[in-house]
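For reference, my_file_32.txt (compact mmCIF, C-alpha atoms and all ligand atoms):
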# COMPACT_ATOMS: atom_id res chain seq x y z
CA MET A 472 -29.38 14.35 11.75
CA SER A 473 -27.16 11.30 11.72
CA GLU A 474 -30.16 9.07 11.00
CA HIS A 475 -31.08 11.08 7.92
CA LEU A 476 -27.49 10.99 6.66
CA LEU A 477 -27.13 7.28 7.29
CA ALA A 478 -30.42 6.65 5.43
CA TYR A 479 -29.22 8.72 2.47
CA ASP A 480 -25.84 6.99 2.58
CA ARG A 481 -27.55 3.59 2.42
CA GLU A 482 -29.58 4.59 -0.64
CA HIS A 483 -27.10 6.66 -2.64
CA VAL A 484 -23.47 6.30 -1.62
CA TRP A 485 -21.13 3.53 -2.74
CA HIS A 486 -18.77 2.15 -0.14
CA PRO A 487 -15.73 0.03 -1.02
CA TYR A 488 -16.48 -3.47 -2.32
CA THR A 489 -20.16 -3.40 -1.37
CA SER A 490 -23.57 -3.94 -2.90
CA MET A 491 -25.69 -0.82 -3.43
CA THR A 492 -28.92 -2.76 -2.93
CA ASP A 493 -27.85 -4.80 0.09
CA PRO A 494 -25.01 -2.87 1.73
CA THR A 495 -23.38 -3.95 4.98
CA PRO A 496 -24.01 -1.40 7.77
CA VAL A 497 -21.67 1.59 8.20
CA ARG A 498 -20.92 3.63 11.31
CA MET A 499 -20.92 7.43 11.36
CA VAL A 500 -17.63 8.99 12.49
CA THR A 501 -17.99 12.51 13.85
CA GLY A 502 -14.44 13.12 15.00
CA ALA A 503 -11.14 11.54 15.89
CA SER A 504 -8.17 12.33 18.07
CA GLY A 505 -5.07 10.40 19.01
CA VAL A 506 -5.73 6.77 18.11
CA ARG A 507 -9.48 7.03 18.74
CA LEU A 508 -12.43 7.44 16.37
CA ARG A 509 -15.54 9.07 17.82
CA LEU A 510 -18.94 7.83 16.60
CA ASP A 511 -22.21 9.76 16.49
CA ASP A 512 -23.57 7.90 19.55
CA GLY A 513 -20.55 9.02 21.59
CA THR A 514 -18.75 5.66 21.40
CA GLU A 515 -14.97 5.80 21.04
CA LEU A 516 -13.06 3.11 19.17
CA VAL A 517 -9.29 2.59 19.08
CA ASP A 518 -8.45 2.51 15.36
CA GLY A 519 -6.65 -0.77 14.74
CA MET A 520 -6.58 -0.05 10.99
CA SER A 521 -4.93 3.43 10.91
CA SER A 522 -7.57 4.30 8.29
CA TRP A 523 -6.32 1.71 5.83
CA TRP A 524 -2.73 1.93 7.04
CA ALA A 525 -2.32 5.66 6.45
CA ALA A 526 -2.87 7.46 9.80
CA ILE A 527 0.46 6.43 11.35
CA HIS A 528 0.65 9.46 13.68
CA GLY A 529 -2.96 9.26 14.82
CA TYR A 530 -5.73 11.82 14.35
CA GLY A 531 -5.87 15.53 15.06
CA ARG A 532 -2.10 15.82 15.37
CA PRO A 533 -1.39 19.49 16.17
CA GLU A 534 1.66 19.47 13.85
CA LEU A 535 -0.37 18.16 10.90
CA ASP A 536 -3.40 20.35 11.65
CA ALA A 537 -1.06 23.36 11.75
CA ALA A 538 0.47 22.35 8.41
CA VAL A 539 -2.99 22.27 6.81
CA ARG A 540 -3.79 25.73 8.20
CA SER A 541 -0.42 27.17 7.14
CA VAL A 542 -1.15 26.72 3.45
CA ASP A 543 -1.93 29.84 1.48
CA LEU A 544 -1.94 28.13 -1.91
CA ALA A 545 -3.96 24.91 -1.82
CA HIS A 546 -3.46 23.86 -5.41
CA VAL A 547 -2.19 25.04 -8.74
CA MET A 548 -1.84 23.03 -11.94
CA PHE A 549 1.51 21.26 -12.36
CA GLY A 550 1.68 21.64 -16.12
CA GLY A 551 3.97 24.62 -16.75
CA LEU A 552 3.80 25.66 -13.06
CA THR A 553 5.35 24.37 -9.88
CA ASN A 554 5.12 25.10 -6.14
CA ALA A 555 7.52 25.05 -3.21
CA PRO A 556 5.87 22.28 -1.12
CA ALA A 557 5.94 19.90 -4.10
CA VAL A 558 9.63 20.56 -4.77
CA ARG A 559 10.54 20.29 -1.09
CA LEU A 560 8.64 17.02 -0.79
CA ALA A 561 10.44 15.59 -3.82
CA GLU A 562 13.75 16.61 -2.24
CA ARG A 563 12.78 14.94 1.04
CA LEU A 564 11.63 11.74 -0.64
CA VAL A 565 14.88 11.50 -2.59
CA SER A 566 16.85 11.90 0.64
CA LEU A 567 14.82 9.15 2.39
CA ALA A 568 14.53 6.66 -0.49
CA PRO A 569 17.11 3.98 -1.29
CA ALA A 570 20.10 5.57 -3.05
CA GLY A 571 19.62 6.28 -6.73
CA LEU A 572 15.87 6.90 -6.78
CA GLU A 573 16.19 10.55 -7.68
CA ARG A 574 13.38 11.32 -10.11
CA VAL A 575 9.95 11.86 -8.55
CA PHE A 576 6.48 11.69 -10.09
CA LEU A 577 3.91 13.06 -7.60
CA ALA A 578 0.60 11.26 -8.10
CA ASP A 579 -2.79 11.67 -6.49
CA SER A 580 -3.34 8.08 -5.32
CA GLY A 581 -1.49 4.83 -4.90
CA SER A 582 -3.16 3.20 -7.90
CA VAL A 583 -2.18 6.10 -10.13
CA SER A 584 1.44 5.83 -8.97
CA VAL A 585 1.40 2.12 -9.88
CA GLU A 586 -0.06 2.92 -13.31
CA VAL A 587 2.73 5.46 -13.77
CA ALA A 588 5.34 2.89 -12.69
CA LEU A 589 4.00 0.37 -15.23
CA LYS A 590 4.03 3.03 -17.91
CA MET A 591 7.60 3.98 -16.98
CA ALA A 592 8.65 0.36 -17.50
CA LEU A 593 6.94 0.12 -20.91
CA GLN A 594 8.29 3.44 -22.12
CA TRP A 595 11.78 2.60 -20.84
CA GLN A 596 11.81 -0.65 -22.82
CA ARG A 597 10.65 1.26 -25.91
CA GLY A 598 13.48 3.71 -25.42
CA ARG A 599 15.90 0.78 -25.46
CA GLY A 600 14.43 -0.51 -28.69
CA ARG A 601 12.48 -3.31 -27.00
CA PRO A 602 8.82 -2.32 -27.58
CA GLU A 603 7.80 -6.00 -27.66
CA ARG A 604 8.54 -6.17 -23.94
CA ARG A 605 5.04 -5.30 -22.78
CA ARG A 606 4.19 -7.76 -20.01
CA MET A 607 4.82 -7.68 -16.28
CA LEU A 608 6.27 -10.55 -14.30
CA THR A 609 4.87 -10.69 -10.77
CA VAL A 610 4.01 -13.18 -8.03
CA ARG A 611 0.71 -14.57 -6.85
CA GLY A 612 -0.79 -13.11 -3.66
CA GLY A 613 -0.13 -9.47 -4.59
CA TYR A 614 -2.28 -6.34 -4.50
CA HIS A 615 -1.46 -3.14 -6.37
CA GLY A 616 -4.73 -1.21 -6.64
CA ASP A 617 -8.08 -1.38 -8.41
CA THR A 618 -7.58 0.39 -11.75
CA PHE A 619 -7.16 -1.87 -14.79
CA GLY A 620 -3.38 -1.84 -15.07
CA CYS A 621 -3.10 -2.37 -11.32
CA MET A 622 -5.70 -5.14 -11.32
CA SER A 623 -3.75 -7.00 -13.98
CA VAL A 624 -0.83 -7.47 -11.58
CA CYS A 625 -2.99 -8.31 -8.52
CA ASP A 626 -3.37 -11.94 -7.50
CA PRO A 627 -5.36 -13.56 -10.34
CA ASP A 628 -7.83 -15.25 -7.96
CA GLY A 629 -8.13 -12.48 -5.33
CA GLY A 630 -8.26 -9.92 -8.16
CA MET A 631 -11.00 -11.91 -9.91
CA HIS A 632 -9.16 -12.02 -13.23
CA SER A 633 -11.70 -14.51 -14.57
CA MET A 634 -14.33 -11.75 -14.37
CA TRP A 635 -12.15 -9.50 -16.54
CA ALA A 636 -10.81 -12.12 -18.95
CA GLY A 637 -10.11 -10.51 -22.30
CA LEU A 638 -10.06 -7.03 -20.80
CA LEU A 639 -7.01 -7.16 -18.56
CA PRO A 640 -3.48 -7.32 -19.92
CA GLU A 641 -2.30 -10.91 -19.34
CA GLN A 642 0.70 -10.82 -17.08
CA VAL A 643 3.12 -13.57 -16.07
CA PHE A 644 2.59 -14.98 -12.55
CA ALA A 645 5.21 -16.78 -10.51
CA PRO A 646 4.23 -18.70 -7.38
CA ARG A 647 3.80 -16.79 -4.14
CA PRO A 648 7.21 -16.39 -2.45
CA PRO A 649 7.74 -18.62 0.62
CA ALA A 650 7.46 -17.47 4.23
CA PRO A 651 10.73 -16.65 6.03
CA GLY A 652 12.76 -19.84 6.41
CA GLY A 653 10.75 -21.58 3.66
CA ASP A 654 11.99 -23.14 0.41
CA VAL A 655 13.59 -20.07 -1.20
CA GLU A 656 15.72 -22.23 -3.53
CA GLY A 657 12.73 -24.06 -4.93
CA TRP A 658 10.81 -20.85 -5.43
CA ALA A 659 13.83 -19.16 -7.03
CA ALA A 660 14.18 -22.00 -9.55
CA ASP A 661 10.55 -21.48 -10.69
CA PHE A 662 10.98 -17.72 -10.80
CA ARG A 663 14.19 -17.95 -12.86
CA ARG A 664 12.62 -20.44 -15.27
CA LEU A 665 9.54 -18.20 -15.84
CA ALA A 666 11.74 -15.14 -16.34
CA ALA A 667 13.91 -16.95 -18.90
CA GLU A 668 10.87 -18.38 -20.69
CA HIS A 669 9.30 -14.92 -21.06
CA ARG A 670 12.45 -12.81 -21.37
CA ASP A 671 11.48 -11.39 -24.76
CA GLU A 672 8.09 -10.09 -23.60
CA VAL A 673 8.64 -9.00 -19.99
CA ALA A 674 9.29 -5.30 -19.29
CA ALA A 675 9.52 -5.38 -15.51
CA VAL A 676 9.06 -7.34 -12.33
CA ILE A 677 6.59 -5.66 -9.97
CA VAL A 678 5.99 -6.83 -6.39
CA GLU A 679 5.27 -5.63 -2.88
CA PRO A 680 8.50 -6.17 -0.93
CA VAL A 681 8.42 -8.67 1.99
CA LEU A 682 4.79 -8.05 3.01
CA GLN A 683 1.95 -8.64 0.55
CA GLY A 684 -0.93 -6.58 1.95
CA ALA A 685 -4.49 -6.62 0.65
CA GLY A 686 -3.73 -9.74 -1.43
CA GLY A 687 -3.64 -11.80 1.77
CA MET A 688 -1.26 -10.28 4.33
CA TRP A 689 1.51 -12.71 3.37
CA VAL A 690 5.01 -12.24 4.78
CA TYR A 691 7.79 -13.69 2.63
CA ASP A 692 11.51 -14.35 2.89
CA PRO A 693 13.52 -11.20 2.01
CA ALA A 694 16.01 -13.46 0.17
CA CYS A 695 13.36 -13.73 -2.59
CA LEU A 696 13.80 -10.01 -3.28
CA ARG A 697 17.50 -10.54 -3.89
CA VAL A 698 16.61 -13.26 -6.39
CA MET A 699 14.28 -10.82 -8.16
CA ARG A 700 17.03 -8.18 -8.29
CA GLU A 701 19.47 -10.72 -9.83
CA VAL A 702 16.93 -11.90 -12.39
CA THR A 703 15.90 -8.40 -13.45
CA ASP A 704 19.56 -7.39 -13.85
CA GLU A 705 20.33 -10.54 -15.81
CA HIS A 706 17.52 -10.04 -18.34
CA GLY A 707 17.34 -6.25 -18.49
CA PHE A 708 13.92 -6.00 -16.83
CA LEU A 709 13.16 -3.17 -14.41
CA LEU A 710 12.47 -3.99 -10.76
CA VAL A 711 9.42 -2.05 -9.54
CA LEU A 712 8.79 -2.21 -5.79
CA ASP A 713 5.35 -1.17 -4.56
CA GLU A 714 6.03 0.21 -1.05
CA ILE A 715 2.59 1.85 -0.78
CA ALA A 716 1.59 -0.37 2.16
CA THR A 717 5.06 -1.18 3.51
CA GLY A 718 6.90 2.15 3.28
CA PHE A 719 7.68 4.64 6.05
CA GLY A 720 8.62 2.08 8.68
CA ARG A 721 5.56 -0.17 8.88
CA THR A 722 7.54 -3.43 8.55
CA GLY A 723 10.31 -2.42 10.98
CA GLU A 724 12.65 -1.01 8.30
CA LEU A 725 12.07 2.38 6.69
CA TRP A 726 11.50 0.53 3.39
CA ALA A 727 10.59 -3.14 3.30
CA ALA A 728 13.26 -3.54 0.60
CA ASP A 729 15.83 -2.68 3.29
CA HIS A 730 15.18 -6.12 4.85
CA ALA A 731 16.96 -7.50 1.78
CA GLY A 732 19.33 -4.62 1.04
CA VAL A 733 17.75 -4.37 -2.41
CA VAL A 734 17.41 -1.12 -4.38
CA PRO A 735 14.69 -1.04 -7.04
CA ASP A 736 14.66 0.88 -10.33
CA VAL A 737 11.19 2.25 -9.60
CA MET A 738 9.46 2.59 -6.23
CA CYS A 739 5.86 3.54 -5.43
CA VAL A 740 4.88 5.18 -2.14
CA GLY A 741 1.48 6.33 -0.88
CA LYS A 742 -0.87 5.58 2.03
CA ALA A 743 1.15 6.80 5.07
CA LEU A 744 2.95 9.45 2.97
CA SER A 745 0.61 12.24 4.12
CA GLY A 746 0.01 10.78 7.59
CA GLY A 747 -3.49 9.83 6.49
CA TYR A 748 -4.61 13.43 5.98
CA LEU A 749 -4.84 13.77 2.21
CA THR A 750 -4.63 11.64 -0.89
CA LEU A 751 -1.07 11.59 -2.20
CA ALA A 752 1.42 9.12 -3.68
CA ALA A 753 4.60 9.09 -5.73
CA ALA A 754 6.43 6.94 -8.24
CA MET A 755 10.20 7.42 -7.95
CA CYS A 756 12.77 6.16 -10.43
CA THR A 757 16.49 6.19 -11.10
CA ASP A 758 18.24 8.62 -13.36
CA GLU A 759 18.85 5.78 -15.83
CA VAL A 760 15.14 5.01 -16.07
CA ALA A 761 14.26 8.68 -16.47
CA ARG A 762 16.84 9.05 -19.25
CA GLY A 763 15.66 5.90 -20.98
CA ILE A 764 12.08 7.16 -21.03
CA SER A 765 13.12 10.54 -22.30
CA ASP A 766 15.04 8.80 -25.11
CA SER A 767 11.94 6.85 -26.17
CA ASP A 768 10.04 7.80 -29.34
CA SER A 769 7.61 10.06 -27.47
CA GLY A 770 10.43 11.72 -25.52
CA VAL A 771 8.16 12.38 -22.54
CA LEU A 772 6.43 10.39 -19.80
CA MET A 773 2.81 10.31 -20.91
CA HIS A 774 0.98 10.96 -17.66
CA GLY A 775 -0.34 14.02 -15.80
CA PRO A 776 -3.12 13.88 -13.20
CA THR A 777 -5.16 17.05 -12.60
CA PHE A 778 -4.11 17.18 -8.95
CA MET A 779 -0.45 16.30 -9.53
CA GLY A 780 1.84 18.06 -7.02
CA ASN A 781 -1.08 19.30 -4.91
CA ALA A 782 0.47 21.89 -2.58
CA LEU A 783 -1.84 21.22 0.37
CA ALA A 784 -1.16 17.47 0.32
CA CYS A 785 2.59 18.00 -0.14
CA THR A 786 2.69 20.41 2.84
CA VAL A 787 1.02 17.86 5.11
CA ALA A 788 3.30 15.10 3.80
CA LEU A 789 6.36 17.17 4.71
CA ALA A 790 4.99 17.68 8.23
CA SER A 791 4.22 13.96 8.50
CA LEU A 792 7.75 13.03 7.40
CA ASP A 793 9.11 15.45 10.03
CA LEU A 794 7.09 13.59 12.67
CA LEU A 795 8.27 10.25 11.35
CA VAL A 796 11.84 10.94 12.37
CA THR A 797 11.23 12.98 15.54
CA ASP A 798 8.08 11.68 17.21
CA GLY A 799 8.74 9.73 20.43
CA GLY A 800 12.29 8.88 19.33
CA GLY A 801 11.30 8.31 15.72
CA TRP A 802 9.48 5.62 13.75
CA ALA A 803 12.00 2.86 14.51
CA ALA A 804 11.44 3.04 18.26
CA GLN A 805 7.68 3.35 17.86
CA VAL A 806 7.33 0.45 15.43
CA ALA A 807 9.60 -1.79 17.51
CA ARG A 808 7.57 -1.07 20.64
CA VAL A 809 4.16 -1.57 18.99
CA GLY A 810 5.46 -4.68 17.20
CA ALA A 811 6.80 -6.33 20.36
CA ARG A 812 3.53 -5.66 22.17
CA LEU A 813 1.51 -7.07 19.26
CA THR A 814 3.65 -10.19 19.09
CA ALA A 815 3.15 -10.79 22.82
CA GLY A 816 -0.56 -9.96 22.73
CA LEU A 817 -1.43 -12.18 19.77
CA ALA A 818 0.73 -15.17 20.77
CA GLY A 819 -1.30 -18.36 20.87
CA LEU A 820 -3.98 -17.27 18.40
CA PRO A 821 -4.46 -19.45 15.29
CA GLY A 822 -2.38 -18.74 12.17
CA VAL A 823 -0.75 -15.70 13.73
CA ARG A 824 2.09 -13.78 12.06
CA THR A 825 3.61 -10.42 12.86
CA LEU A 826 6.11 -8.16 11.11
CA GLY A 827 6.97 -4.67 12.31
CA ALA A 828 3.74 -2.99 13.47
CA VAL A 829 1.55 -5.50 11.61
CA GLY A 830 -0.36 -8.33 13.31
CA VAL A 831 -2.31 -10.95 11.37
CA VAL A 832 -4.52 -13.85 12.43
CA GLN A 833 -5.52 -16.24 9.66
CA LEU A 834 -8.61 -18.37 10.28
CA ASP A 835 -9.57 -21.63 8.56
CA HIS A 836 -12.76 -20.09 7.15
CA PRO A 837 -13.95 -16.79 5.65
CA VAL A 838 -14.64 -14.18 8.32
CA ASP A 839 -18.19 -13.02 8.98
CA VAL A 840 -17.19 -9.36 8.64
CA VAL A 841 -20.30 -7.88 10.27
CA LYS A 842 -20.10 -10.18 13.29
CA ALA A 843 -16.34 -9.84 13.69
CA THR A 844 -16.49 -6.05 13.38
CA GLN A 845 -19.23 -5.90 15.98
CA ALA A 846 -17.28 -8.11 18.38
CA ALA A 847 -14.23 -5.84 18.03
CA ALA A 848 -16.38 -2.74 18.55
CA GLU A 849 -17.68 -4.24 21.79
CA GLU A 850 -14.03 -4.36 22.90
CA GLY A 851 -13.77 -0.67 21.96
CA VAL A 852 -11.71 -1.25 18.80
CA TRP A 853 -12.21 -0.64 15.09
CA LEU A 854 -11.14 -3.55 12.88
CA ARG A 855 -12.06 -4.39 9.29
CA PRO A 856 -11.31 -8.06 8.61
CA PHE A 857 -11.35 -9.48 5.08
CA ARG A 858 -11.41 -12.95 3.55
CA ASP A 859 -10.11 -15.31 6.27
CA LEU A 860 -8.04 -12.60 7.96
CA VAL A 861 -8.41 -10.58 11.13
CA TYR A 862 -5.49 -8.17 11.25
CA THR A 863 -4.29 -4.88 12.67
CA MET A 864 -1.90 -2.12 11.61
CA PRO A 865 -2.11 0.28 14.58
CA PRO A 866 -1.00 3.91 14.44
CA TYR A 867 2.67 4.13 15.52
CA VAL A 868 1.59 6.31 18.46
CA ALA A 869 -0.62 3.58 20.00
CA THR A 870 0.33 3.08 23.66
CA ASP A 871 0.95 -0.33 25.21
CA ALA A 872 -2.56 -0.18 26.69
CA ASP A 873 -4.01 0.65 23.24
CA VAL A 874 -2.17 -2.28 21.65
CA ASP A 875 -3.33 -4.64 24.41
CA GLN A 876 -6.90 -3.52 23.79
CA ILE A 877 -6.47 -4.10 20.04
CA CYS A 878 -5.09 -7.59 20.68
CA ARG A 879 -8.10 -8.47 22.84
CA ALA A 880 -10.38 -7.26 20.05
CA VAL A 881 -8.51 -9.28 17.41
CA ALA A 882 -8.88 -12.38 19.59
CA ARG A 883 -12.62 -11.75 20.09
CA ALA A 884 -13.19 -11.04 16.38
CA ALA A 885 -11.28 -14.19 15.43
CA GLU A 886 -13.33 -16.21 17.91
CA VAL A 887 -16.82 -15.09 16.79
CA GLY A 888 -16.10 -14.26 13.14
C1 LIG B 901 -3.49 0.50 -1.18
C2 LIG B 901 -2.48 0.00 -2.13
C3 LIG B 901 -2.46 0.44 -3.47
C4 LIG B 901 -3.49 1.38 -4.03
O1 LIG B 901 -3.45 2.63 -3.45
P1 LIG B 901 -4.74 3.60 -3.54
O2 LIG B 901 -4.29 4.85 -2.90
O3 LIG B 901 -5.84 2.90 -2.81
O4 LIG B 901 -5.05 3.76 -4.98
C5 LIG B 901 -1.44 -0.04 -4.28
N1 LIG B 901 -0.52 -0.90 -3.83
C6 LIG B 901 -0.50 -1.33 -2.55
C7 LIG B 901 0.58 -2.26 -2.09
C8 LIG B 901 -1.49 -0.92 -1.67
O5 LIG B 901 -1.51 -1.39 -0.41
Take the structure in the file and give it back as structure tokens.
Amino acid sequence: MSEHLLAYDREHVWHPYTSMTDPTPVRMVTGASGVRLRLDDGTELVDGMSSWWAAIHGYGRPELDAAVRSVDLAHVMFGGLTNAPAVRLAERLVSLAPAGLERVFLADSGSVSVEVALKMALQWQRGRGRPERRRMLTVRGGYHGDTFGCMSVCDPDGGMHSMWAGLLPEQVFAPRPPAPGGDVEGWAADFRRLAAEHRDEVAAVIVEPVLQGAGGMWVYDPACLRVMREVTDEHGFLLVLDEIATGFGRTGELWAADHAGVVPDVMCVGKALSGGYLTLAAAMCTDEVARGISDSDSGVLMHGPTFMGNALACTVALASLDLLVTDGGGWAAQVARVGARLTAGLAGLPGVRTLGAVGVVQLDHPVDVVKATQAAAEEGVWLRPFRDLVYTMPPYVATDADVDQICRAVARAAEVG
């Protein structure tokens, strides 16, 4: 059974960032519970990736399973209609988000929420009579998704901008912000100079706050965010914070922006929003931004995904947000515990950095992904290294023993990969 499916998969099914003719091997998952994935051969692996950072409460959570089963209306179009779970989720997000982010666009994936955020910035500038402000100012080392607008604000090298030259909007890139304790002043001078130089064409600054994820797992000094807030206020740009990877406690604060006490004009959330059960994201903005857009020539925000406000996904997201504050004392206690254990378990490895429940080891060479993955699997752990990075973002419910096992696997993967 599994063999037939794996053979068909190899011939016909795209996997992320792979060749169709020479794909790297995949493993067949048949089930999952707690922090463990179950494979077709009966092997169990502790998931050190939380399914790309989404499954923060682990798998098969009775509360989330019950939420899925409770739904009697899975989906209804959002144009001209609405549904209670979508409205309740918007209400909950507004209550959790930094003060002032009160208008909610429910999107069907993180990339779409970033596209919506970019569009909000462009339409807002139009509404203010500044249609020539059409570029984004961002920093190197970022990742915001794989659609074209998103790609344009990803790191130009990591995002392979040379491959898309002429096709991607050309954005303005400041240097990557320095690590905590680094030369914030020097970086800020460059950032201010670029902003001033391009003030007539920039609509918004967009960045991932404090932790840059898929662009290289870089942690930067929160003071840089305060510089960005000052600069955007000074020039009348919007500040868009992409909290898709960092939101819901992952970095040790509910929002990574809280490390700096900064409130953005637009914020994107996704990934952990539905506890890893269903695809869901949101772009939230202030009342001022919403009004500005509605005053623009079109008068409306020009976006509307088919599955906007999906009732099933919103129901699970509400249950996941309930767990976030109640489970085992709440996310803060869980993330602090997992983070401390990670920091202890990874100490001494090369190029190690940790923040919240994130642990990263940076090698001095590109990782052999197949070998490193295999080494981790032999330790009973699922990891998916990329570039020169072996990293983990465990589910918040991982026990001390689970985290220790993950750390051993990271060490092994870093050694052989
Ligand atoms: C994953 C990610 C995205 C894209 O989200 P998708 O749901 O994969 O489209 C955007 N921004 C950040 C910071 C991400 O980590």
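Closest approach to ligand LIG 901 (chain B) among A:Met622, A:Ala478, A:Val565, A:Ala570 is made by A:Met622 (distances from only C-alpha atoms and all ligand atoms).
All protein and nucleic acid residues in the vicinity of (17.9, 10.8, -11.5), that is within 9 Å when counting all atoms listed in the file, are Gly571, Leu572, Glu573, Arg574, Val575, Cys756, Thr757, Asp758, Glu759, Val760, Ala761 and Arg762 of chain A.
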*asked:* Residues near A:Leu639, anyone? I mean within 9 Å using only C-alpha atoms, not counting same-chain ones fewer than 4 positions away, as a ChimeraX atom specification.
replied: /A:619-620,622-623,632,635
Name the residues, by chain letter and number, that sit within 10 Å of ligand LIG 901 (chain B) using all atoms listed in the file, and give them as a compact mmCIF listing (two decimals) with C-alpha atoms, keeping the file's coordinate frame.
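As a result, result02.txt now contains:
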# COMPACT_ATOMS: atom_id res chain seq x y z
CA TRP A 523 -6.32 1.71 5.83
CA TRP A 524 -2.73 1.93 7.04
CA ALA A 525 -2.32 5.66 6.45
CA ALA A 578 0.60 11.26 -8.10
CA ASP A 579 -2.79 11.67 -6.49
CA SER A 580 -3.34 8.08 -5.32
CA GLY A 581 -1.49 4.83 -4.90
CA SER A 582 -3.16 3.20 -7.90
CA VAL A 583 -2.18 6.10 -10.13
CA SER A 584 1.44 5.83 -8.97
CA VAL A 585 1.40 2.12 -9.88
CA GLU A 586 -0.06 2.92 -13.31
CA GLY A 613 -0.13 -9.47 -4.59
CA TYR A 614 -2.28 -6.34 -4.50
CA HIS A 615 -1.46 -3.14 -6.37
CA GLY A 616 -4.73 -1.21 -6.64
CA ASP A 617 -8.08 -1.38 -8.41
CA THR A 618 -7.58 0.39 -11.75
CA CYS A 621 -3.10 -2.37 -11.32
CA MET A 622 -5.70 -5.14 -11.32
CA CYS A 625 -2.99 -8.31 -8.52
CA VAL A 678 5.99 -6.83 -6.39
CA GLU A 679 5.27 -5.63 -2.88
CA PRO A 680 8.50 -6.17 -0.93
CA LEU A 682 4.79 -8.05 3.01
CA GLN A 683 1.95 -8.64 0.55
CA GLY A 684 -0.93 -6.58 1.95
CA ALA A 685 -4.49 -6.62 0.65
CA GLY A 686 -3.73 -9.74 -1.43
CA LEU A 712 8.79 -2.21 -5.79
CA ASP A 713 5.35 -1.17 -4.56
CA GLU A 714 6.03 0.21 -1.05
CA ILE A 715 2.59 1.85 -0.78
CA ALA A 716 1.59 -0.37 2.16
CA THR A 717 5.06 -1.18 3.51
CA GLY A 718 6.90 2.15 3.28
CA CYS A 739 5.86 3.54 -5.43
CA VAL A 740 4.88 5.18 -2.14
CA GLY A 741 1.48 6.33 -0.88
CA LYS A 742 -0.87 5.58 2.03
CA ALA A 743 1.15 6.80 5.07
CA THR A 750 -4.63 11.64 -0.89
CA LEU A 751 -1.07 11.59 -2.20
CA ALA A 752 1.42 9.12 -3.68
*Between atom CA of A:Gly810 and atom CA of A:Lys842, measure the distance and give it in Å to one decimal.*
26.4 Å
*Please tell me which residues are no farther than 12 Å from (18.1, -7.9, -18.3) in the file, counting all atoms listed in the file, and write them as JSON, numbers by chain.*
{"A": [596, 599, 601, 604, 666, 667, 669, 670, 671, 672, 673, 674, 675, 676, 699, 700, 701, 702, 703, 704, 705, 706, 707, 708, 709, 710]}
*Within 7 Å of A:Gln642, counting only C-alpha atoms, which residues qualify if same-chain residues fewer than 6 places away don't, as a ChimeraX atom specification?*
/A:606-608,623-624
Pull C-alpha atoms from the residues just selected and write them as a PDB file, in the frame of the given file.
ATOM      1  CA  ARG A 606       4.190  -7.760 -20.010  1.00  0.00           C
ATOM      2  CA  MET A 607       4.820  -7.680 -16.280  1.00  0.00           C
ATOM      3  CA  LEU A 608       6.270 -10.550 -14.300  1.00  0.00           C
ATOM      4  CA  SER A 623      -3.750  -7.000 -13.980  1.00  0.00           C
ATOM      5  CA  VAL A 624      -0.830  -7.470 -11.580  1.00  0.00           C
TER       6      VAL A 624
END
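Atom CA of A:Arg647 lies 5.9 Å from atom CA of A:Gly612.
For the set A:Thr844, A:Ser769, A:Thr609, A:Gln805, the residue with the smallest atom-to-atom gap to A:Asp871 is A:Gln805, counting only C-alpha atoms.
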*What is the atom CA of A:Gln833 to atom CA of A:Trp689 distance in Å?*
10.1 Å
Would you tabulate, counting only C-alpha atoms, all residues of stretch 704-769 of chain A that have an atom at most 8 Å from an atom of stretch 793-804 of chain A, showing the closest pair of atoms and their distance in Å to one decimal, sorted by chain then ascending number, as JSON lines?
{"residue": "A:Phe719", "atom": "CA", "partner": "A:Leu795", "partner_atom": "CA", "distance": 7.7}
{"residue": "A:Gly720", "atom": "CA", "partner": "A:Trp802", "partner_atom": "CA", "distance": 6.2}
{"residue": "A:Gly723", "atom": "CA", "partner": "A:Ala803", "partner_atom": "CA", "distance": 6.6}
{"residue": "A:Glu724", "atom": "CA", "partner": "A:Ala803", "partner_atom": "CA", "distance": 7.3}
{"residue": "A:Leu725", "atom": "CA", "partner": "A:Ala803", "partner_atom": "CA", "distance": 7.8}
*asked:* Quick one: residues within 8 Å of A:Pro556, all atoms listed in the file, excluding same-chain residues fewer than 4 positions away - as an MDAnalysis selection string?
replied: chainID A and resid 560 782:783 785:786 789
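Considering only C-alpha atoms, the residue among A:Arg824, A:Met491, A:Val484, A:Ser765 positioned nearest to A:Pro651 is A:Arg824.
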